[in-house]
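**Q** Okay, so here is target19.tsv, and as you'll see once you scroll down, it has TSV, C-alpha atoms.
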```
chain	number	residue	atom	x	y	z
A	21	MET	CA	-25.82	144.48	68.14
A	22	THR	CA	-22.93	146.38	69.73
A	23	GLU	CA	-19.52	146.08	68.09
A	24	PHE	CA	-16.36	145.33	70.02
A	25	MET	CA	-13.80	148.09	70.36
A	26	ARG	CA	-10.71	147.35	68.28
A	27	PRO	CA	-7.62	147.90	70.42
A	28	LYS	CA	-4.56	149.58	68.97
A	29	VAL	CA	-1.15	148.23	70.04
A	30	THR	CA	1.89	150.50	70.24
A	31	VAL	CA	5.41	149.48	71.25
A	32	GLU	CA	7.68	152.01	72.96
A	33	GLU	CA	11.31	150.86	73.13
A	34	ILE	CA	12.88	152.28	76.28
A	35	ASP	CA	16.34	150.71	75.88
A	36	GLU	CA	17.78	147.54	74.34
A	37	ASN	CA	16.39	145.35	77.18
A	38	THR	CA	13.15	147.15	77.97
A	39	ALA	CA	10.00	147.97	76.03
A	40	ARG	CA	6.52	149.18	76.92
A	41	PHE	CA	3.52	147.68	75.15
A	42	VAL	CA	0.39	149.83	75.21
A	43	MET	CA	-2.92	148.30	74.14
A	44	GLU	CA	-5.93	150.59	74.15
A	45	PRO	CA	-8.90	150.86	74.29
A	46	LEU	CA	-10.01	147.58	75.86
A	47	GLU	CA	-13.48	146.35	76.67
A	48	ARG	CA	-14.39	146.23	80.35
A	49	GLY	CA	-12.58	143.31	82.08
A	50	TYR	CA	-10.18	142.55	79.21
A	51	GLY	CA	-7.27	144.23	80.99
A	52	TYR	CA	-7.50	141.76	83.90
A	53	THR	CA	-7.73	138.81	81.51
A	54	LEU	CA	-4.71	139.86	79.46
A	55	GLY	CA	-2.70	140.93	82.53
A	56	ASN	CA	-3.21	137.63	84.37
A	57	SER	CA	-2.32	135.62	81.28
A	58	MET	CA	0.88	137.60	80.72
A	59	ARG	CA	1.83	137.33	84.40
A	60	ARG	CA	1.41	133.54	84.34
A	61	VAL	CA	3.45	133.15	81.15
A	62	LEU	CA	6.26	135.38	82.41
A	63	LEU	CA	6.47	133.69	85.83
A	64	SER	CA	6.47	130.20	84.34
A	65	SER	CA	9.27	131.22	81.95
A	66	LEU	CA	11.72	132.37	84.63
A	67	ASP	CA	14.49	130.07	85.80
A	68	GLY	CA	14.64	129.52	89.54
A	69	ALA	CA	16.30	127.33	92.16
A	70	ALA	CA	14.49	125.23	94.75
A	71	VAL	CA	14.83	122.14	96.92
A	72	THR	CA	13.84	119.11	94.84
A	73	ALA	CA	14.54	116.27	97.33
A	74	ILE	CA	15.01	115.88	101.09
A	75	LYS	CA	16.62	113.06	103.08
A	76	ILE	CA	16.28	113.16	106.88
A	77	GLU	CA	18.37	110.66	108.84
A	78	GLY	CA	16.21	108.17	110.74
A	79	VAL	CA	12.99	109.07	108.91
A	80	GLN	CA	11.34	106.61	106.52
A	81	HIS	CA	8.58	108.78	105.05
A	82	GLU	CA	6.88	112.15	105.46
A	83	PHE	CA	4.11	110.94	107.78
A	84	THR	CA	6.44	110.05	110.67
A	85	SER	CA	8.17	112.25	113.20
A	86	ALA	CA	11.83	112.65	114.00
A	87	PRO	CA	12.77	111.97	117.64
A	88	GLY	CA	13.14	115.16	119.68
A	89	VAL	CA	11.90	117.44	116.89
A	90	VAL	CA	8.82	119.50	117.76
A	91	GLU	CA	7.48	119.62	114.17
A	92	ASP	CA	6.49	116.50	112.28
A	93	VAL	CA	8.16	115.71	108.97
A	94	THR	CA	5.31	117.18	106.92
A	95	ASP	CA	5.78	120.54	108.66
A	96	ILE	CA	9.56	120.37	108.15
A	97	VAL	CA	9.03	119.74	104.42
A	98	LEU	CA	6.63	122.69	104.20
A	99	ASN	CA	9.16	124.88	106.05
A	100	ILE	CA	11.90	123.82	103.62
A	101	LYS	CA	9.62	124.78	100.71
A	102	GLY	CA	9.77	128.31	102.11
A	103	LEU	CA	13.54	128.54	101.62
A	104	VAL	CA	14.47	130.83	98.72
A	105	PHE	CA	17.60	130.05	96.70
A	106	SER	CA	19.39	131.88	93.92
A	107	ALA	CA	21.51	129.97	91.39
A	108	LEU	CA	24.99	131.46	91.01
A	109	GLY	CA	26.66	128.78	88.92
A	110	THR	CA	26.02	126.56	85.95
A	111	GLY	CA	22.55	125.42	86.96
A	112	GLU	CA	23.56	121.89	87.93
A	113	GLU	CA	22.03	120.14	90.94
A	114	ALA	CA	23.92	120.31	94.23
A	115	THR	CA	23.43	119.00	97.76
A	116	ALA	CA	23.12	121.13	100.89
A	117	THR	CA	23.55	119.53	104.31
A	118	LEU	CA	22.29	120.36	107.77
A	119	SER	CA	23.45	119.01	111.11
A	120	ALA	CA	22.08	120.43	114.37
A	121	GLU	CA	21.79	119.38	118.01
A	122	GLY	CA	19.17	120.64	120.45
A	123	PRO	CA	17.89	122.48	122.19
A	124	CYS	CA	17.77	125.06	119.40
A	125	THR	CA	15.75	126.53	116.59
A	126	VAL	CA	17.06	125.37	113.23
A	127	THR	CA	17.03	128.05	110.53
A	128	GLY	CA	18.25	128.33	106.97
A	129	ALA	CA	21.50	129.82	108.31
A	130	ASP	CA	22.35	126.35	109.70
A	131	LEU	CA	22.45	124.91	106.17
A	132	GLU	CA	25.79	124.30	104.48
A	133	VAL	CA	24.85	125.57	101.03
A	134	PRO	CA	27.12	124.70	98.07
A	135	ALA	CA	28.92	127.53	96.28
A	136	GLU	CA	26.65	127.24	93.22
A	137	PHE	CA	23.68	128.55	95.21
A	138	GLN	CA	22.91	131.38	97.61
A	139	LEU	CA	20.26	131.20	100.35
A	140	ILE	CA	18.24	134.42	100.21
A	141	ASN	CA	16.34	134.04	103.51
A	142	PRO	CA	18.70	132.49	106.11
A	143	GLU	CA	16.41	133.56	108.98
A	144	HIS	CA	13.62	131.20	107.78
A	145	VAL	CA	12.79	128.65	110.52
A	146	ILE	CA	13.00	124.98	109.51
A	147	ALA	CA	12.45	123.12	112.81
A	148	THR	CA	12.66	123.33	116.60
A	149	LEU	CA	14.79	120.78	118.45
A	150	ALA	CA	14.18	119.71	122.04
A	151	GLU	CA	16.88	118.75	124.57
A	152	ASP	CA	19.23	115.98	123.34
A	153	ALA	CA	17.63	115.99	119.88
A	154	LYS	CA	19.74	115.66	116.76
A	155	LEU	CA	18.69	116.53	113.22
A	156	GLU	CA	20.72	115.58	110.17
A	157	MET	CA	19.43	116.04	106.66
A	158	SER	CA	20.55	116.56	103.10
A	159	LEU	CA	18.68	118.63	100.55
A	160	ARG	CA	19.10	118.41	96.79
A	161	ILE	CA	18.81	121.83	95.16
A	162	GLY	CA	17.99	122.07	91.46
A	163	VAL	CA	17.33	124.68	88.83
A	164	GLY	CA	14.22	124.71	86.68
A	165	ARG	CA	11.38	126.82	85.33
A	166	GLY	CA	8.39	127.87	87.36
A	167	TYR	CA	10.00	127.69	90.83
```
As structure tokens, what does this structure read like?
**A**
Amino acid sequence: MTEFMRPKVTVEEIDENTARFVMEPLERGYGYTLGNSMRRVLLSSLDGAAVTAIKIEGVQHEFTSAPGVVEDVTDIVLNIKGLVFSALGTGEEATATLSAEGPCTVTGADLEVPAEFQLINPEHVIATLAEDAKLEMSLRIGVGRGY
């Protein structure tokens, strides 16, 4: 029976905030397993800001459509999920508002974002409005882990 290789772990401190962990030798495939596990743990441990609730005037639920808006509400919600926020303040929830009249393409730049947050991608398209269409919505932005 073949024995497993015993990896040796060394820690190289680069500065007070950075270190390099070296684990070698590893059996074939173990690097991917350990790397994916570490990536998942690190990403789920980071604080982030995202939209947690949406209220669109005149819309009862996500399976309807807003008058004069090309996209249906499900597409608008998916587009809003693509907005990237950075928390600048205390980490409390805040409300962003949007009010637009058509014809136009509504982007993240049309949002009135509270001072506690910064919109990273203002060019991101949210919806397309036809002639005489009006879109008013409020978005609750929160801070949490994993998003």
**Q** Which of these residues is nearest to Gly109 in chain A, using all atoms listed in the file: A:Leu46, A:Met58, A:Ala69, A:Leu131?
**A**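 Among A:Leu46, A:Met58, A:Ala69, A:Leu131, it is A:Ala69 that comes nearest to Gly109 in chain A.
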**Q** Give me the residues near range 32-42 of chain A as an MDAnalysis selection string, where near means some atom within 12 Å (using all atoms listed in the file) and where sequence neighbours in that chain fewer than 5 positions away do not count.
**A** chainID A and resid 27 51 54:55 58
**Q** For each of A:Val163, A:Leu118, A:Ile100, A:Val90, take the minimum atom-to-atom distance to Asp67 in chain A, counting all atoms listed in the file, then give the residue where this is smallest.
**A** A:Val163
**Q** I'd like to know which of A:Glu82, A:Glu121, A:Glu23, A:Glu136 is closest to Phe105 in chain A, using only C-alpha atoms.
**A**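 With only C-alpha atoms as the atom set, the closest residue is A:Glu136.
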**Q** When you count all atoms listed in the file, which of these residues is closest to Glu112 in chain A: A:Ile74, A:Ala135, A:Met25, A:Val145?
**A** A:Ala135
**Q** Quick one: of A:Phe24, A:Phe137, A:Tyr50, A:Phe83, who's nearest to Leu103 in chain A, counting all atoms listed in the file?
**A** A:Phe137
**Q** Which neighbours of Thr115 in chain A fall inside 8 Å, counting only C-alpha atoms, when residues of the same chain fewer than 3 positions from it are skipped, and could you give them as a short mmCIF file (atom, residue, chain, number, x, y, z; two decimals) with C-alpha atoms, keeping the file's coordinate frame?
**A**
```cif
data_model
loop_
_atom_site.label_atom_id
_atom_site.label_comp_id
_atom_site.auth_asym_id
_atom_site.auth_seq_id
_atom_site.Cartn_x
_atom_site.Cartn_y
_atom_site.Cartn_z
CA VAL A 133 24.85 125.57 101.03
CA PRO A 134 27.12 124.70 98.07
CA SER A 158 20.55 116.56 103.10
CA LEU A 159 18.68 118.63 100.55
CA ARG A 160 19.10 118.41 96.79
CA ILE A 161 18.81 121.83 95.16
#
```
**Q** Starting from the point (19.4, 124.9, 127.2), work out which residues of protein, DNA or RNA have an atom no more than 10 Å away when counting only C-alpha atoms; state them as a JSON list (two decimals) with C-alpha atoms, in the coordinates of the input.
**A**
```json
[["chain", "number", "residue", "atom", "x", "y", "z"],
["A", 122, "GLY", "CA", 19.17, 120.64, 120.45],
["A", 123, "PRO", "CA", 17.89, 122.48, 122.19],
["A", 124, "CYS", "CA", 17.77, 125.06, 119.40],
["A", 150, "ALA", "CA", 14.18, 119.71, 122.04],
["A", 151, "GLU", "CA", 16.88, 118.75, 124.57],
["A", 152, "ASP", "CA", 19.23, 115.98, 123.34]]
```
**Q** From the list A:Thr94, A:Thr53, A:Ser65, A:Ser106, which residue is nearest Val79 in chain A when using only C-alpha atoms?
**A**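 Counting only C-alpha atoms, the residue closest to Val79 in chain A is A:Thr94.
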**Q** In Å, rounded to a single decimal, give me how far CA of Pro142 in chain A is from CA of Ile76 in chain A.
**A**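 Separation between CA of Ile76 in chain A and CA of Pro142 in chain A: 19.5 Å.
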**Q** Go ahead and compute the interatomic distance for CA of Asn56 in chain A and CA of Thr22 in chain A, in Å to one decimal.
**A**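 CA of Thr22 in chain A lies 26.1 Å from CA of Asn56 in chain A.
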